[in-house]
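Shown next, in structure tokens, is the structure this report addresses.
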Amino acid sequence: MVHGSDEDLTGSVEKVREMFLQEAQENPNFYDPIDIDRVRTDDYTVRRFVQNQRGDVEKGFNMLMSAMKWRKSFGVNDIKPSDFPKEYFETGEGHLYVKDKNDVYLVYLRVKLHKKITELTPLSQKYLVYLIEHCEAEGIKTGKGYGLIWDCLGGTLFNVDLDLLQFLTTVWTNYYPGGSRYIILHELPWILRAIYRLVRSWMPEDLRQQITFADRNSIGDFVGTDNLPDYLNGRCEVSYKTAPSQCKPMVDLVNKEIIQRDVFVKFMDHYRPYLNTKSAS
């Protein structure tokens, strides 16, 4: 369960909370008031870091402090759907979906759709954090956490983005400890095995133990066929390519000179076949 009930950690949790609130009082500019209040009122926000450090107060405090500093510097609490062009949702490369058969929320990432566009890396990092934050919040409400499904079917070395993979692994490991329930690698091709071993080496043991391999015949056993999207042989008809209404097309960001036109052309040259809309051209 996400919300652990290990009473032996209660004292350590309270000590870490006191240490952090003192630190935040002395250095308020390093932290978001939303996160400070969360530490003050929510045991799980503190407990997850203490648990990760096996009850060590000093290490738990340092990990919590580092995570909260990152959240403020990255602007996690300010991220909103309208920060992203609607094409980020409409490609279906990275998306949220319905819960699995055990009511666990899921993030889906489709390897074969990805192309590294260096100029868009910061926006793509932000989008990954947006997806994780959403599942985190829902998983905490249910106490069941969230899962991550990497659909590797059709993936090649062309699709590999080590910078984005390292970012995701670092964020997931250091800033969201204990939140995930499982990681499914679907149809991992032999050509990506070396990449998998590299990324696995970046993970702590608890995340490595969450990894499960699945193919098109077995993934329904894990998630539930009625809960899977069509590209995974699922029967769920909920759209996974619908952008929130407040999202604008990427061309608007080009017109506002937020994204350069040549970057937009690179994006559209690759992603146009996966889009629901023909409005961006």
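Each chain in the structure tokens gets a letter, A, B, ..., in the order shown, and its residues are numbered from 1; ligands are numbered from 1 in order too.
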
Item to complete: With a distance cut-off of 10 Å and only C-alpha atoms, select the neighbouring residues of Trp172 (chain A), excluding the residue or stretch itself and same-chain residues fewer than 5 positions from it, and output the selection as a list of chain:residue names.
Response: A:Val129, A:Ile132, A:Gln166, A:Phe167, A:Pro177, A:Gly178, A:Gly179, A:Ser180, A:Met203, A:Leu207

At a cut-off of 10 Å, can you tabulate as CSV every residue of region 192-259 of chain A near region 90-100 of chain A together with its closest atom pair and the distance in Å to one decimal, using only C-alpha atoms and ordering rows by chain then number?
```
residue,atom,partner,partner_atom,distance
A:Gly220,CA,A:Asp100,CA,9.6
A:Phe222,CA,A:Asp100,CA,8.1
A:Val223,CA,A:Asp100,CA,4.9
A:Gly224,CA,A:Asp100,CA,6.2
A:Thr225,CA,A:Asp100,CA,9.0
A:Asp226,CA,A:Asp100,CA,8.7
A:Asn227,CA,A:Asp100,CA,5.6
A:Leu228,CA,A:Asp100,CA,7.7
A:Pro229,CA,A:Tyr97,CA,8.1
A:Cys236,CA,A:Val98,CA,8.5
A:Val238,CA,A:Val98,CA,7.8
A:Ser239,CA,A:Tyr97,CA,8.2
A:Tyr240,CA,A:Gly92,CA,6.1
A:Lys241,CA,A:Glu90,CA,4.3
A:Thr242,CA,A:Glu90,CA,5.7
A:Ala243,CA,A:Glu90,CA,6.0
A:Pro244,CA,A:Glu90,CA,9.8
```

Worksheet item: If you run DSSP on the backbone, which residues of region 66-120 of chain A are helix (DSSP H, G or I), as an MDAnalysis selection string?
Response: chainID A and resid 66:74 76:78 81:83 86:90 111:113 118:120

Just to be explicit: take each residue in the selection above, keep N, CA, C and O atoms, and write the result as a tab-separated table (two decimals), in the first residue's frame.
```
chain	number	residue	atom	x	y	z
A	66	SER	N	15.82	17.85	-0.41
A	66	SER	CA	16.23	17.90	-1.81
A	66	SER	C	15.03	17.84	-2.74
A	66	SER	O	14.95	18.59	-3.72
A	67	ALA	N	14.07	16.97	-2.42
A	67	ALA	CA	12.87	16.84	-3.25
A	67	ALA	C	12.05	18.13	-3.25
A	67	ALA	O	11.55	18.57	-4.30
A	68	MET	N	11.91	18.74	-2.09
A	68	MET	CA	11.10	19.95	-2.00
A	68	MET	C	11.78	21.14	-2.68
A	68	MET	O	11.11	21.99	-3.27
A	69	LYS	N	13.10	21.17	-2.63
A	69	LYS	CA	13.83	22.22	-3.36
A	69	LYS	C	13.64	22.05	-4.86
A	69	LYS	O	13.44	23.01	-5.61
A	70	TRP	N	13.72	20.79	-5.30
A	70	TRP	CA	13.52	20.52	-6.73
A	70	TRP	C	12.12	20.92	-7.15
A	70	TRP	O	11.94	21.53	-8.22
A	71	ARG	N	11.11	20.59	-6.36
A	71	ARG	CA	9.73	20.92	-6.72
A	71	ARG	C	9.57	22.43	-6.90
A	71	ARG	O	8.90	22.88	-7.83
A	72	LYS	N	10.19	23.21	-6.03
A	72	LYS	CA	10.08	24.67	-6.15
A	72	LYS	C	10.83	25.15	-7.40
A	72	LYS	O	10.29	25.95	-8.19
A	73	SER	N	12.05	24.67	-7.61
A	73	SER	CA	12.85	25.15	-8.74
A	73	SER	C	12.25	24.72	-10.08
A	73	SER	O	12.34	25.45	-11.08
A	74	PHE	N	11.63	23.55	-10.11
A	74	PHE	CA	11.03	23.04	-11.34
A	74	PHE	C	9.63	23.62	-11.57
A	74	PHE	O	9.10	23.55	-12.67
A	76	VAL	N	6.79	22.57	-10.00
A	76	VAL	CA	5.88	21.43	-10.12
A	76	VAL	C	4.44	21.81	-9.82
A	76	VAL	O	3.51	21.43	-10.55
A	77	ASN	N	4.22	22.57	-8.78
A	77	ASN	CA	2.85	22.90	-8.39
A	77	ASN	C	2.17	23.89	-9.34
A	77	ASN	O	0.96	24.11	-9.25
A	78	ASP	N	2.95	24.48	-10.24
A	78	ASP	CA	2.40	25.45	-11.18
A	78	ASP	C	2.11	24.85	-12.55
A	78	ASP	O	1.55	25.51	-13.42
A	81	PRO	N	-2.25	21.83	-17.70
A	81	PRO	CA	-2.36	21.30	-19.07
A	81	PRO	C	-2.07	22.32	-20.15
A	81	PRO	O	-1.49	21.99	-21.19
A	82	SER	N	-2.48	23.57	-19.92
A	82	SER	CA	-2.31	24.58	-20.96
A	82	SER	C	-0.84	24.95	-21.19
A	82	SER	O	-0.53	25.71	-22.12
A	83	ASP	N	0.06	24.42	-20.39
A	83	ASP	CA	1.50	24.64	-20.61
A	83	ASP	C	1.99	23.88	-21.84
A	83	ASP	O	3.09	24.16	-22.34
A	86	LYS	N	-1.45	21.13	-27.72
A	86	LYS	CA	-2.39	20.01	-27.72
A	86	LYS	C	-1.83	18.78	-28.42
A	86	LYS	O	-2.23	17.65	-28.13
A	87	GLU	N	-0.84	18.98	-29.31
A	87	GLU	CA	-0.22	17.85	-29.98
A	87	GLU	C	0.49	16.90	-29.02
A	87	GLU	O	0.64	15.71	-29.31
A	88	TYR	N	0.93	17.40	-27.87
A	88	TYR	CA	1.58	16.53	-26.89
A	88	TYR	C	0.61	15.46	-26.38
A	88	TYR	O	1.03	14.36	-26.04
A	89	PHE	N	-0.64	15.82	-26.32
A	89	PHE	CA	-1.66	14.85	-25.90
A	89	PHE	C	-2.14	14.02	-27.09
A	89	PHE	O	-2.40	12.82	-26.95
A	90	GLU	N	-2.27	14.65	-28.24
A	90	GLU	CA	-2.91	14.00	-29.38
A	90	GLU	C	-2.03	12.97	-30.09
A	90	GLU	O	-2.54	12.15	-30.85
A	111	VAL	N	7.24	3.83	-26.89
A	111	VAL	CA	8.61	4.06	-27.34
A	111	VAL	C	8.69	4.37	-28.83
A	111	VAL	O	9.40	5.29	-29.25
A	112	LYS	N	7.98	3.63	-29.65
A	112	LYS	CA	8.15	3.78	-31.09
A	112	LYS	C	7.70	5.14	-31.63
A	112	LYS	O	8.05	5.52	-32.75
A	113	LEU	N	6.93	5.86	-30.84
A	113	LEU	CA	6.45	7.17	-31.29
A	113	LEU	C	7.46	8.28	-31.01
A	113	LEU	O	7.35	9.37	-31.57
A	118	THR	N	15.97	18.02	-29.38
A	118	THR	CA	16.69	18.61	-28.25
A	118	THR	C	16.05	19.90	-27.76
A	118	THR	O	15.95	20.14	-26.55
A	119	GLU	N	15.60	20.73	-28.68
A	119	GLU	CA	15.01	22.01	-28.28
A	119	GLU	C	13.74	21.84	-27.47
A	119	GLU	O	13.33	22.76	-26.74
A	120	LEU	N	13.09	20.68	-27.59
A	120	LEU	CA	11.85	20.44	-26.85
A	120	LEU	C	12.06	19.60	-25.59
A	120	LEU	O	11.09	19.29	-24.89
```

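Closest approach to Val46 (chain A) from the set A:Asp161, A:Glu18, A:Glu23, A:Glu133 is made by A:Glu18, with distances taken over only C-alpha atoms.
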
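Note that the spacing between CA of Val57 (chain A) and CA of Lys15 (chain A) amounts to 7.0 Å.
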
Discussion item. Measuring between only C-alpha atoms, which one of A:Lys116, A:Thr142, A:Asn159, A:Asp206 shows the shortest distance to Gln53 (chain A)?
Written reply: A:Asp206

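Distances here use only C-alpha atoms; by that measure, the residue among A:Lys248, A:His114, A:Leu21, A:Arg193 closest to Pro33 (chain A) is A:Leu21.
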
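One distance worth recording is that between CA of Met65 (chain A) and CA of Lys126 (chain A), which is 20.6 Å.
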
Fill in: Every residue of region 16-248 of chain A that DSSP places in strand (DSSP E), as a PyMOL selection string
chain A and resi 94-96+105-110+146-151+180-186+211-214

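Proximity ranking of A:Pro85, A:Asp230, A:Leu106, A:Leu164 relative to Asp252 (chain A) places A:Pro85 first, based on only C-alpha atoms.
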
Response to the item:
A straight line from CA of Thr41 (chain A) to CA of Asn29 (chain A) spans 19.9 Å

Discussion item. As a ChimeraX atom specification, please: the residues near Gly11 (chain A) (cut-off 10 Å, only C-alpha atoms, same-chain neighbours under 5 positions excluded).
Written reply: /A:16-17,55,57
